[in-house]
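Student: You'll find model.pdb just under this line, and it carries PDB, C-alpha atoms.
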ATOM      1  CA  MET A   1       0.000   0.000   0.000
ATOM      2  CA  ALA A   2       1.533   3.268  -1.127
ATOM      3  CA  SER A   3       2.204   5.831   1.540
ATOM      4  CA  THR A   4       0.788   9.345   1.186
ATOM      5  CA  THR A   5       3.066  12.276   1.751
ATOM      6  CA  TYR A   6       1.527  15.445   3.188
ATOM      7  CA  LEU A   7       3.272  18.749   2.531
ATOM      8  CA  PRO A   8       3.195  21.285   5.327
ATOM      9  CA  ARG A   9       0.879  24.249   4.765
ATOM     10  CA  PRO A  10       2.698  27.529   4.286
ATOM     11  CA  ALA A  11       2.479  29.864   7.208
ATOM     12  CA  PRO A  12       0.186  32.862   6.653
ATOM     13  CA  ARG A  13       1.968  36.050   5.816
ATOM     14  CA  ALA A  14       1.957  38.828   8.298
ATOM     15  CA  PRO A  15      -0.144  41.764   7.164
ATOM     16  CA  GLY A  16       2.091  44.327   5.584
ATOM     17  CA  PRO A  17       1.725  48.058   5.754
ATOM     18  CA  ALA A  18      -1.364  49.484   4.050
ATOM     19  CA  ALA A  19      -0.808  50.719   0.563
ATOM     20  CA  ARG A  20      -0.361  54.425   0.515
ATOM     21  CA  PRO A  21      -2.594  56.367  -1.813
ATOM     22  CA  THR A  22      -0.675  57.497  -4.804
ATOM     23  CA  PHE A  23      -1.211  60.562  -6.923
ATOM     24  CA  ARG A  24      -2.572  58.337  -9.667
ATOM     25  CA  SER A  25      -5.272  56.821  -7.419
ATOM     26  CA  PHE A  26      -6.258  60.297  -6.152
ATOM     27  CA  TYR A  27      -6.444  61.522  -9.736
ATOM     28  CA  GLU A  28      -8.699  58.594 -10.658
ATOM     29  CA  GLN A  29     -11.038  59.404  -7.761
ATOM     30  CA  LEU A  30     -11.015  63.072  -8.689
ATOM     31  CA  ARG A  31     -11.754  62.223 -12.281
ATOM     32  CA  GLY A  32     -14.610  59.945 -11.245
ATOM     33  CA  GLY A  33     -16.162  62.728  -9.160
ATOM     34  CA  ASP A  34     -16.126  60.942  -5.793
ATOM     35  CA  VAL A  35     -13.886  63.496  -4.095
ATOM     36  CA  ILE A  36     -15.529  66.739  -5.191
ATOM     37  CA  ALA A  37     -19.174  65.725  -5.784
ATOM     38  CA  TYR A  38     -20.212  65.752  -2.122
ATOM     39  CA  PRO A  39     -18.660  69.093  -1.083
ATOM     40  CA  ILE A  40     -19.857  70.877  -4.232
ATOM     41  CA  THR A  41     -23.455  69.668  -3.905
ATOM     42  CA  LEU A  42     -23.403  70.414  -0.176
ATOM     43  CA  LEU A  43     -22.154  73.931  -0.907
ATOM     44  CA  CYS A  44     -24.931  74.520  -3.449
ATOM     45  CA  ALA A  45     -27.623  73.301  -1.050
ATOM     46  CA  THR A  46     -26.214  75.442   1.762
ATOM     47  CA  ALA A  47     -26.041  78.460  -0.552
ATOM     48  CA  ILE A  48     -29.774  78.212  -1.260
ATOM     49  CA  LEU A  49     -30.574  78.223   2.447
ATOM     50  CA  ALA A  50     -28.147  81.100   2.976
ATOM     51  CA  ILE A  51     -29.773  83.173   0.223
ATOM     52  CA  VAL A  52     -33.253  82.650   1.652
ATOM     53  CA  GLY A  53     -32.057  83.505   5.146
ATOM     54  CA  LEU A  54     -30.232  86.594   3.867
ATOM     55  CA  LEU A  55     -33.375  87.819   2.118
ATOM     56  CA  ILE A  56     -35.416  87.475   5.288
ATOM     57  CA  VAL A  57     -32.762  89.211   7.407
ATOM     58  CA  GLU A  58     -32.357  92.115   4.975
ATOM     59  CA  LEU A  59     -36.091  92.678   4.655
ATOM     60  CA  TRP A  60     -36.521  92.524   8.414
ATOM     61  CA  ILE A  61     -33.670  94.981   9.097
ATOM     62  CA  HIS A  62     -34.880  97.574   6.581
ATOM     63  CA  SER A  63     -38.479  97.325   7.792
ATOM     64  CA  GLN A  64     -37.625  98.131  11.410
ATOM     65  CA  PRO A  65     -38.898 101.770  11.358
ATOM     66  CA  THR A  66     -42.372 100.500  10.428
ATOM     67  CA  VAL A  67     -42.204  97.637  12.920
ATOM     68  CA  GLN A  68     -41.173  99.979  15.743
ATOM     69  CA  LYS A  69     -43.887 102.531  15.011
ATOM     70  CA  PHE A  70     -46.876 100.364  14.080
ATOM     71  CA  GLY A  71     -45.906  96.911  15.288
ATOM     72  CA  TRP A  72     -48.012  94.023  14.080
ATOM     73  CA  HIS A  73     -51.023  96.344  13.851
ATOM     74  CA  PHE A  74     -49.550  97.238  10.471
ATOM     75  CA  LEU A  75     -51.055  93.996   9.178
ATOM     76  CA  THR A  76     -54.572  94.807  10.395
ATOM     77  CA  THR A  77     -54.765  98.535   9.619
ATOM     78  CA  THR A  78     -56.660  99.698   6.532
ATOM     79  CA  THR A  79     -55.322 103.262   6.247
ATOM     80  CA  TRP A  80     -52.635 103.939   3.644
ATOM     81  CA  ASP A  81     -51.793 107.656   3.739
ATOM     82  CA  PRO A  82     -48.159 108.463   2.856
ATOM     83  CA  ASN A  83     -48.731 112.193   3.303
ATOM     84  CA  GLY A  84     -50.098 111.690   6.817
ATOM     85  CA  GLY A  85     -47.546 109.055   7.779
ATOM     86  CA  GLN A  86     -50.170 106.353   8.294
ATOM     87  CA  PHE A  87     -49.569 102.960   6.741
ATOM     88  CA  GLY A  88     -51.604  99.743   6.881
ATOM     89  CA  ALA A  89     -51.173  96.575   4.871
ATOM     90  CA  LEU A  90     -54.625  95.001   5.140
ATOM     91  CA  PRO A  91     -56.055  96.370   1.829
ATOM     92  CA  PHE A  92     -53.082  94.979  -0.068
ATOM     93  CA  ILE A  93     -53.199  91.593   1.658
ATOM     94  CA  TYR A  94     -56.916  91.449   0.927
ATOM     95  CA  GLY A  95     -56.456  92.355  -2.742
ATOM     96  CA  THR A  96     -53.673  89.792  -3.188
ATOM     97  CA  CYS A  97     -55.727  86.993  -1.648
ATOM     98  CA  VAL A  98     -58.951  87.854  -3.494
ATOM     99  CA  THR A  99     -57.378  88.053  -6.941
ATOM    100  CA  SER A 100     -55.439  84.823  -6.371
ATOM    101  CA  PHE A 101     -58.591  83.050  -5.178
ATOM    102  CA  VAL A 102     -60.565  84.198  -8.233
ATOM    103  CA  ALA A 103     -57.718  83.082 -10.496
ATOM    104  CA  LEU A 104     -57.587  79.602  -8.964
ATOM    105  CA  LEU A 105     -61.368  79.295  -8.985
ATOM    106  CA  ILE A 106     -61.250  79.628 -12.763
ATOM    107  CA  ALA A 107     -57.887  78.069 -13.595
ATOM    108  CA  VAL A 108     -58.058  74.863 -11.528
ATOM    109  CA  PRO A 109     -61.113  73.241 -13.216
ATOM    110  CA  LEU A 110     -59.968  74.428 -16.638
ATOM    111  CA  GLY A 111     -56.360  73.350 -16.149
ATOM    112  CA  VAL A 112     -57.072  69.937 -14.622
ATOM    113  CA  ALA A 113     -59.689  69.117 -17.273
ATOM    114  CA  ALA A 114     -57.310  70.168 -20.063
ATOM    115  CA  SER A 115     -54.479  68.108 -18.604
ATOM    116  CA  ILE A 116     -56.748  65.038 -18.416
ATOM    117  CA  PHE A 117     -57.664  65.494 -22.072
ATOM    118  CA  LEU A 118     -54.048  65.915 -23.160
ATOM    119  CA  ALA A 119     -52.764  62.963 -21.126
ATOM    120  CA  GLU A 120     -55.605  60.447 -21.462
ATOM    121  CA  MET A 121     -58.015  61.346 -24.255
ATOM    122  CA  ALA A 122     -56.214  63.178 -27.054
ATOM    123  CA  PRO A 123     -54.201  61.405 -29.779
ATOM    124  CA  PRO A 124     -50.437  61.643 -29.100
ATOM    125  CA  LYS A 125     -49.707  64.011 -32.016
ATOM    126  CA  LEU A 126     -52.492  66.407 -31.072
ATOM    127  CA  SER A 127     -51.470  66.231 -27.423
ATOM    128  CA  ASN A 128     -47.862  67.143 -28.217
ATOM    129  CA  VAL A 129     -48.860  70.088 -30.417
ATOM    130  CA  LEU A 130     -51.331  71.501 -27.880
ATOM    131  CA  THR A 131     -48.859  71.004 -25.031
ATOM    132  CA  PHE A 132     -46.237  72.950 -26.951
ATOM    133  CA  LEU A 133     -48.651  75.825 -27.528
ATOM    134  CA  ILE A 134     -49.745  75.831 -23.883
ATOM    135  CA  GLU A 135     -46.144  75.941 -22.674
ATOM    136  CA  LEU A 136     -45.598  78.954 -24.929
ATOM    137  CA  LEU A 137     -48.294  80.775 -22.951
ATOM    138  CA  ALA A 138     -46.164  80.457 -19.838
ATOM    139  CA  ALA A 139     -43.315  82.254 -21.617
ATOM    140  CA  VAL A 140     -45.373  85.314 -22.582
ATOM    141  CA  PRO A 141     -44.267  88.408 -20.595
ATOM    142  CA  SER A 142     -46.749  89.530 -17.978
ATOM    143  CA  VAL A 143     -46.968  93.036 -19.451
ATOM    144  CA  ILE A 144     -48.435  91.505 -22.608
ATOM    145  CA  TYR A 145     -51.132  89.870 -20.524
ATOM    146  CA  GLY A 146     -51.768  93.243 -18.927
ATOM    147  CA  LEU A 147     -52.237  94.902 -22.314
ATOM    148  CA  ILE A 148     -54.548  92.126 -23.465
ATOM    149  CA  GLY A 149     -56.482  92.549 -20.235
ATOM    150  CA  ILE A 150     -56.911  96.295 -20.770
ATOM    151  CA  PHE A 151     -57.823  96.295 -24.464
ATOM    152  CA  VAL A 152     -59.588  92.931 -24.851
ATOM    153  CA  LEU A 153     -60.670  91.399 -21.541
ATOM    154  CA  VAL A 154     -61.959  94.501 -19.745
ATOM    155  CA  PRO A 155     -64.313  95.544 -22.627
ATOM    156  CA  LEU A 156     -65.655  91.980 -22.790
ATOM    157  CA  ILE A 157     -66.293  91.935 -19.056
ATOM    158  CA  ARG A 158     -67.960  95.360 -19.174
ATOM    159  CA  GLY A 159     -70.165  94.449 -22.113
ATOM    160  CA  TYR A 160     -71.100  90.840 -21.428
ATOM    161  CA  LEU A 161     -69.786  89.163 -18.269
ATOM    162  CA  ALA A 162     -70.543  91.850 -15.681
ATOM    163  CA  PRO A 163     -74.183  92.369 -16.778
ATOM    164  CA  ALA A 164     -74.734  88.592 -16.877
ATOM    165  CA  LEU A 165     -73.280  88.083 -13.392
ATOM    166  CA  LYS A 166     -75.239  91.016 -12.008
ATOM    167  CA  GLY A 167     -78.456  89.763 -13.561
ATOM    168  CA  ALA A 168     -78.054  86.182 -12.332
ATOM    169  CA  PHE A 169     -76.300  86.703  -8.998
ATOM    170  CA  GLY A 170     -76.958  90.365  -8.243
ATOM    171  CA  PHE A 171     -78.379  89.464  -4.845
ATOM    172  CA  LEU A 172     -74.878  88.424  -3.705
ATOM    173  CA  PRO A 173     -72.613  91.170  -2.292
ATOM    174  CA  ILE A 174     -69.700  90.074  -4.482
ATOM    175  CA  PHE A 175     -71.626  90.979  -7.665
ATOM    176  CA  GLN A 176     -73.130  94.283  -6.613
ATOM    177  CA  GLY A 177     -72.166  97.821  -7.569
ATOM    178  CA  ASP A 178     -71.064  99.472 -10.779
ATOM    179  CA  PHE A 179     -68.351  97.984 -12.972
ATOM    180  CA  PHE A 180     -65.878 100.520 -14.375
ATOM    181  CA  GLY A 181     -63.375  98.103 -15.949
ATOM    182  CA  VAL A 182     -60.434  97.798 -13.580
ATOM    183  CA  SER A 183     -61.429  95.596 -10.652
ATOM    184  CA  PHE A 184     -60.725  92.491  -8.599
ATOM    185  CA  LEU A 185     -62.620  90.465 -11.193
ATOM    186  CA  SER A 186     -60.490  91.743 -14.082
ATOM    187  CA  ALA A 187     -57.264  91.029 -12.221
ATOM    188  CA  GLY A 188     -58.464  87.548 -11.248
ATOM    189  CA  LEU A 189     -59.384  86.677 -14.834
ATOM    190  CA  VAL A 190     -56.021  87.873 -16.163
ATOM    191  CA  LEU A 191     -54.236  85.881 -13.471
ATOM    192  CA  SER A 192     -56.244  82.779 -14.333
ATOM    193  CA  VAL A 193     -55.028  82.967 -17.924
ATOM    194  CA  MET A 194     -51.460  83.373 -16.683
ATOM    195  CA  VAL A 195     -51.416  80.468 -14.225
ATOM    196  CA  VAL A 196     -53.427  77.882 -16.151
ATOM    197  CA  PRO A 197     -50.410  76.829 -18.295
ATOM    198  CA  PHE A 198     -48.548  75.832 -15.119
ATOM    199  CA  ILE A 199     -51.425  73.649 -13.951
ATOM    200  CA  ILE A 200     -51.844  72.018 -17.365
ATOM    201  CA  SER A 201     -48.165  71.366 -17.968
ATOM    202  CA  VAL A 202     -47.337  69.912 -14.544
ATOM    203  CA  SER A 203     -50.582  67.943 -14.207
ATOM    204  CA  ARG A 204     -50.150  66.405 -17.654
ATOM    205  CA  GLU A 205     -46.654  65.185 -16.799
ATOM    206  CA  VAL A 206     -47.930  63.755 -13.525
ATOM    207  CA  LEU A 207     -50.761  61.917 -15.266
ATOM    208  CA  LEU A 208     -48.399  60.509 -17.879
ATOM    209  CA  ALA A 209     -46.152  59.248 -15.076
ATOM    210  CA  VAL A 210     -48.895  56.923 -13.776
ATOM    211  CA  PRO A 211     -47.766  53.332 -14.543
ATOM    212  CA  VAL A 212     -49.418  51.762 -17.576
ATOM    213  CA  GLU A 213     -50.138  48.672 -15.488
ATOM    214  CA  GLN A 214     -52.650  50.682 -13.438
ATOM    215  CA  ARG A 215     -54.657  51.499 -16.552
ATOM    216  CA  GLU A 216     -54.407  48.006 -18.006
ATOM    217  CA  ALA A 217     -55.552  46.413 -14.756
ATOM    218  CA  ALA A 218     -58.647  48.628 -14.597
ATOM    219  CA  LEU A 219     -59.483  48.025 -18.255
ATOM    220  CA  ALA A 220     -59.025  44.285 -17.777
ATOM    221  CA  LEU A 221     -61.616  44.358 -14.992
ATOM    222  CA  GLY A 222     -64.146  45.889 -17.394
ATOM    223  CA  ALA A 223     -63.810  49.591 -16.619
ATOM    224  CA  THR A 224     -64.346  52.087 -19.401
ATOM    225  CA  LYS A 225     -61.714  54.597 -20.490
ATOM    226  CA  TRP A 226     -63.309  57.379 -18.439
ATOM    227  CA  GLU A 227     -63.848  55.168 -15.402
ATOM    228  CA  THR A 228     -60.188  54.196 -15.523
ATOM    229  CA  THR A 229     -59.151  57.821 -15.731
ATOM    230  CA  TRP A 230     -61.493  59.065 -13.003
ATOM    231  CA  GLN A 231     -61.206  56.196 -10.523
ATOM    232  CA  VAL A 232     -57.623  55.017 -11.038
ATOM    233  CA  VAL A 233     -55.378  57.523 -12.806
ATOM    234  CA  ILE A 234     -56.512  60.737 -11.117
ATOM    235  CA  PRO A 235     -56.406  59.365  -7.531
ATOM    236  CA  TYR A 236     -52.950  57.956  -8.215
ATOM    237  CA  ALA A 237     -51.725  61.346  -9.513
ATOM    238  CA  SER A 238     -53.671  63.515  -7.056
ATOM    239  CA  THR A 239     -50.573  64.527  -5.069
ATOM    240  CA  GLY A 240     -48.824  65.908  -8.138
ATOM    241  CA  ILE A 241     -51.972  67.687  -9.307
ATOM    242  CA  ILE A 242     -52.309  69.387  -5.927
ATOM    243  CA  GLY A 243     -48.663  70.412  -6.196
ATOM    244  CA  SER A 244     -49.315  72.029  -9.583
ATOM    245  CA  ILE A 245     -52.224  73.989  -8.102
ATOM    246  CA  PHE A 246     -50.073  75.387  -5.312
ATOM    247  CA  LEU A 247     -47.340  76.209  -7.824
ATOM    248  CA  ALA A 248     -49.905  78.232  -9.741
ATOM    249  CA  LEU A 249     -51.005  79.901  -6.506
ATOM    250  CA  ALA A 250     -47.426  80.956  -5.774
ATOM    251  CA  ARG A 251     -47.232  82.495  -9.248
ATOM    252  CA  ALA A 252     -50.531  84.317  -8.740
ATOM    253  CA  LEU A 253     -49.496  85.765  -5.375
ATOM    254  CA  GLY A 254     -46.325  87.298  -6.737
ATOM    255  CA  GLU A 255     -47.560  88.551 -10.097
ATOM    256  CA  THR A 256     -46.950  92.276 -10.535
ATOM    257  CA  MET A 257     -47.292  93.977 -13.910
ATOM    258  CA  ALA A 258     -50.452  92.366 -15.268
ATOM    259  CA  VAL A 259     -52.284  92.841 -11.970
ATOM    260  CA  THR A 260     -51.077  96.433 -11.653
ATOM    261  CA  MET A 261     -52.540  97.284 -15.054
ATOM    262  CA  VAL A 262     -56.059  95.936 -14.428
ATOM    263  CA  ILE A 263     -56.770  95.934 -10.682
ATOM    264  CA  GLY A 264     -57.357  99.683 -10.306
ATOM    265  CA  ASN A 265     -54.685 100.471  -7.670
ATOM    266  CA  THR A 266     -57.107 101.676  -5.006
ATOM    267  CA  PRO A 267     -56.115 100.809  -1.405
ATOM    268  CA  LYS A 268     -59.508  99.855  -0.039
ATOM    269  CA  ILE A 269     -61.397  96.742   0.992
ATOM    270  CA  ALA A 270     -64.622  96.059  -0.887
ATOM    271  CA  ALA A 271     -66.873  93.026  -0.900
ATOM    272  CA  SER A 272     -67.794  93.384  -4.572
ATOM    273  CA  LEU A 273     -65.526  91.888  -7.231
ATOM    274  CA  PHE A 274     -66.552  94.791  -9.476
ATOM    275  CA  SER A 275     -64.686  97.255  -7.246
ATOM    276  CA  PRO A 276     -61.077  98.338  -7.849
ATOM    277  CA  GLY A 277     -58.407  97.239  -5.395
ATOM    278  CA  TYR A 278     -54.682  96.872  -4.846
ATOM    279  CA  SER A 279     -52.195  94.052  -4.312
ATOM    280  CA  ILE A 280     -48.909  93.845  -2.436
ATOM    281  CA  ALA A 281     -46.757  93.380  -5.514
ATOM    282  CA  ALA A 282     -48.573  96.191  -7.337
ATOM    283  CA  VAL A 283     -48.122  98.784  -4.579
ATOM    284  CA  ILE A 284     -44.409  97.976  -4.260
ATOM    285  CA  ALA A 285     -43.904  98.322  -8.014
ATOM    286  CA  ASN A 286     -45.912 101.547  -8.230
ATOM    287  CA  GLU A 287     -44.669 103.453  -5.191
ATOM    288  CA  PHE A 288     -41.216 102.240  -4.231
ATOM    289  CA  ALA A 289     -39.339 104.430  -6.735
ATOM    290  CA  GLU A 290     -41.206 107.543  -5.556
ATOM    291  CA  ALA A 291     -41.235 106.742  -1.830
ATOM    292  CA  SER A 292     -39.863 109.625   0.207
ATOM    293  CA  GLY A 293     -38.898 109.245   3.816
ATOM    294  CA  GLN A 294     -37.609 106.336   5.828
ATOM    295  CA  LEU A 295     -41.023 105.323   7.161
ATOM    296  CA  TYR A 296     -42.597 105.183   3.684
ATOM    297  CA  THR A 297     -39.748 103.075   2.293
ATOM    298  CA  SER A 298     -39.673 100.727   5.272
ATOM    299  CA  SER A 299     -43.449 100.220   4.998
ATOM    300  CA  LEU A 300     -43.067  99.059   1.410
ATOM    301  CA  ILE A 301     -40.196  96.782   2.425
ATOM    302  CA  PHE A 302     -42.335  95.371   5.220
ATOM    303  CA  LEU A 303     -45.014  94.650   2.623
ATOM    304  CA  GLY A 304     -42.396  92.715   0.674
ATOM    305  CA  LEU A 305     -41.594  90.739   3.805
ATOM    306  CA  VAL A 306     -45.301  90.024   4.308
ATOM    307  CA  LEU A 307     -45.600  88.757   0.724
ATOM    308  CA  PHE A 308     -42.497  86.630   1.201
ATOM    309  CA  GLY A 309     -43.882  85.179   4.410
ATOM    310  CA  LEU A 310     -47.296  84.586   2.840
ATOM    311  CA  THR A 311     -45.658  82.631   0.029
ATOM    312  CA  ILE A 312     -43.620  80.551   2.478
ATOM    313  CA  VAL A 313     -46.679  79.753   4.596
ATOM    314  CA  ILE A 314     -48.760  78.717   1.582
ATOM    315  CA  ASN A 315     -45.974  76.496   0.235
ATOM    316  CA  ALA A 316     -45.537  74.946   3.687
ATOM    317  CA  VAL A 317     -49.257  74.212   3.889
ATOM    318  CA  ALA A 318     -49.060  72.707   0.414
ATOM    319  CA  ARG A 319     -46.209  70.435   1.493
ATOM    320  CA  LEU A 320     -48.113  69.307   4.573
ATOM    321  CA  PHE A 321     -51.233  68.692   2.538
ATOM    322  CA  ILE A 322     -49.336  66.664  -0.058
ATOM    323  CA  LEU A 323     -47.606  64.688   2.697
ATOM    324  CA  ALA A 324     -50.929  63.947   4.394
ATOM    325  CA  THR A 325     -52.457  62.878   1.078
ATOM    326  CA  SER A 326     -49.503  60.599   0.350
ATOM    327  CA  ARG A 327     -49.699  58.942   3.758
ATOM    328  CA  LYS A 328     -53.447  58.456   3.488
ATOM    329  CA  ARG A 329     -53.042  56.832   0.077
ATOM    330  CA  SER A 330     -50.207  54.603   1.282
ATOM    331  CA  VAL A 331     -52.182  53.210   4.243
ATOM    332  CA  SER A 332     -55.448  52.793   2.368
ATOM    333  CA  PRO A 333     -56.304  49.209   1.378
TER     334      PRO A 333
END
So, in terms of structure tokens, how does the structure I just supplied come out?
Tutor:
Amino acid sequence: MASTTYLPRPAPRAPGPAARPTFRSFYEQLRGGDVIAYPITLLCATAILAIVGLLIVELWIHSQPTVQKFGWHFLTTTTWDPNGGQFGALPFIYGTCVTSFVALLIAVPLGVAASIFLAEMAPPKLSNVLTFLIELLAAVPSVIYGLIGIFVLVPLIRGYLAPALKGAFGFLPIFQGDFFGVSFLSAGLVLSVMVVPFIISVSREVLLAVPVEQREAALALGATKWETTWQVVIPYASTGIIGSIFLALARALGETMAVTMVIGNTPKIAASLFSPGYSIAAVIANEFAEASGQLYTSSLIFLGLVLFGLTIVINAVARLFILATSRKRSVSP
């Protein structure tokens, strides 16, 4: 019987010193982006926060004369008298909110319905052409919308819309009084035309992002095209649609030129939409260059801070609403 010879196993080598990074390895990491990607992106994100914080600090510092004299009563006072040194922001806050509400009241149904047609009903070629034309509307300068509002929209409202609203709903306070052209209603209608492209464009992309499997599953169960759209696609994309609405609201709150040209620029609070009014952005654009005196200038700056804060609050509410909607949809059976 042959004997078997076993060779001894080699002893394990002691761990040597770790390899030192060479210039070549560092260059490869630098070329791949691993070394500089994190600090650069972190710097950009920090810069955004720094810019927002700097804006708030600067507005707050330059509005101190108004804050020290009027305090927070500035937000609830209705008197705006530069000659008498009395300043109140409530008429401008009211005008900004009313015109934005009227704009959304018109633009949301129109924009959501149009986005549903473009994403679900229209042939692809027609959808692409109409989407391109709608996106062009968002690129039109606001002063052009203001001119169209003055020379086209206001005469139509005076001749047709205002008499019809007064005849049908004249018993309501919001449709009472004489209509002279420039008004809350005119500004709201111009704003609705300006913000509807944002709702259509974003909502269409959100609807197209719904997985095809969702549609096919509903159709396989016997649902019609409209039932699939209404009961499956829209609930699935509801969060994005709500986001597009709040994006349009942010645009409406900060719009300046078009609103300035058709709202009437009268600092008063009126229940009727036929009455002229004023907005925060409009009063800053109209009076800041001619403001004389520290108190007058600081009051306008404080109005800018109020508009900035109003935008932040509305966007925060939008985020919370979207988050709540997402959680509710995720836990639903």
Student: Running the PyMOL selection byres ((chain A and resi 157-169) around 12) on this model by hand, what would come out? Give it as an MDAnalysis selection string.
Tutor: chainID A and resid 149:156 170:190 262 272:275
Student: List as an MDAnalysis selection string the protein and nucleic acid residues near segment 90-103 of chain A, meaning an atom at most 6 Å away when all atoms listed in the file are counted, but skip any in the same chain fewer than 4 places from it.
Tutor: chainID A and resid 75:78 107 184 188:189 191:192 252 267:269 277:280
Student: Residues at most 12 Å from Phe132 of chain A, counting all atoms listed in the file, excluding those fewer than 5 positions away in the same chain, as a list in words?
Tutor: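 Returned residues: Leu118, Lys125, Leu126, Ser127, Leu137, Ala138, Ala139, Pro197, Ile200 and Ser201 of chain A.
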Student: Pick out the closest residue to Gln214 of chain A from this set: A:Trp60, A:Tyr145, A:Tyr236, A:Trp80. Count all atoms listed in the file.
Tutor: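 When distances to Gln214 of chain A are compared using all atoms listed in the file, the smallest one comes from A:Tyr236.
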Student: I need every residue sitting at most 12 Å from the point (-49.3, 72.9, -8.4) (coordinates as in the file, all atoms listed in the file considered), written as a VMD selection string.
Tutor: chain A and resid 104 107 to 108 111 to 112 195 to 206 237 to 252 314 to 315 318 to 319 321 to 322
Student: Atom CA of Leu55 of chain A to atom CA of Val306 of chain A: how many Å, to one decimal?
Tutor: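 Computing it gives 12.3 Å between the two atoms.
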Student: Please measure the separation of atom CA of Val259 of chain A and atom CA of Ala285 of chain A, giving the value in Å to one decimal.
Tutor: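 The value is 10.8 Å.
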Student: Just how far from atom CA of Leu136 of chain A is atom CA of Ile148 of chain A, in Å to one decimal?
Tutor: 16.0 Å
Student: Taking all atoms of segment 227-231 of chain A that the file lists, what box with edges along x, y and z, padded by 8 Å per side, do you get, with centre and edge lengths in Å to one decimal, as JSON?
Tutor:
{"center_x": -61.5, "center_y": 56.6, "center_z": -13.1, "size_x": 20.7, "size_y": 20.9, "size_z": 21.2}
Student: Nearest residue to Thr260 of chain A out of A:Val129, A:Leu43, A:Leu105, A:Val283, using only C-alpha atoms?
Tutor: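 Nearest to Thr260 of chain A: A:Val283.
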Student: A:Thr297, A:Ala114, A:Glu120, A:Ile134: which is nearest Val212 of chain A, counting all atoms listed in the file?
Tutor: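 Nearest to Val212 of chain A: A:Glu120.
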Student: Excluding Ile301 of chain A and residues on its chain fewer than 5 positions from it, collect all residues at most 7 Å away from it, counting only C-alpha atoms, and give them as a list of chain:residue names.
Tutor: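 These residues fall inside the cut-off: A:Leu59, A:His62, A:Ser63.
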Student: Just to be explicit: take each residue in the selection above, keep C-alpha atoms, and write the result as a short mmCIF file (atom, residue, chain, number, x, y, z; two decimals), in the coordinates of the input.
Tutor:
data_model
loop_
_atom_site.label_atom_id
_atom_site.label_comp_id
_atom_site.auth_asym_id
_atom_site.auth_seq_id
_atom_site.Cartn_x
_atom_site.Cartn_y
_atom_site.Cartn_z
CA LEU A 59 -36.09 92.68 4.66
CA HIS A 62 -34.88 97.57 6.58
CA SER A 63 -38.48 97.32 7.79
#
Student: Considering all atoms listed in the file, state which residue in the set A:Asn83, A:Asn265, A:Thr229, A:Thr311 is at the smallest distance from Ala291 of chain A.
Tutor: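 Of A:Asn83, A:Asn265, A:Thr229, A:Thr311, the one nearest Ala291 of chain A, counting all atoms listed in the file, is A:Asn83.
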Student: Closest to Ala113 of chain A among A:Ile61, A:Ala223, A:Val232, A:Leu207, using only C-alpha atoms?
Tutor: A:Leu207
Student: For Thr256 of chain A, which of A:Leu305, A:Ala218, A:Leu295, A:Met194 is the closest residue, counting only C-alpha atoms?
Tutor: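 Closest to Thr256 of chain A of all the choices is A:Met194.
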Student: Any chance you could export segment 129-136 of chain A with N, CA, C and O atoms, as a compact mmCIF listing (two decimals), in the first residue's frame?
Tutor:
# COMPACT_ATOMS: atom_id res chain seq x y z
N VAL A 129 -48.74 68.75 -29.82
CA VAL A 129 -48.86 70.09 -30.42
C VAL A 129 -49.53 71.05 -29.43
O VAL A 129 -49.06 72.18 -29.21
N LEU A 130 -50.64 70.63 -28.82
CA LEU A 130 -51.33 71.50 -27.88
C LEU A 130 -50.48 71.79 -26.65
O LEU A 130 -50.50 72.90 -26.11
N THR A 131 -49.73 70.79 -26.19
CA THR A 131 -48.86 71.00 -25.03
C THR A 131 -47.79 72.03 -25.34
O THR A 131 -47.46 72.88 -24.51
N PHE A 132 -47.24 71.97 -26.55
CA PHE A 132 -46.24 72.95 -26.95
C PHE A 132 -46.82 74.36 -26.97
O PHE A 132 -46.19 75.31 -26.48
N LEU A 133 -48.02 74.51 -27.49
CA LEU A 133 -48.65 75.83 -27.53
C LEU A 133 -48.98 76.33 -26.13
O LEU A 133 -48.83 77.52 -25.82
N ILE A 134 -49.42 75.43 -25.26
CA ILE A 134 -49.75 75.83 -23.88
C ILE A 134 -48.49 76.27 -23.14
O ILE A 134 -48.52 77.25 -22.38
N GLU A 135 -47.39 75.56 -23.33
CA GLU A 135 -46.14 75.94 -22.67
C GLU A 135 -45.63 77.28 -23.18
O GLU A 135 -44.94 78.00 -22.46
N LEU A 136 -45.97 77.63 -24.43
CA LEU A 136 -45.60 78.95 -24.93
C LEU A 136 -46.33 80.06 -24.17
O LEU A 136 -45.81 81.16 -24.01
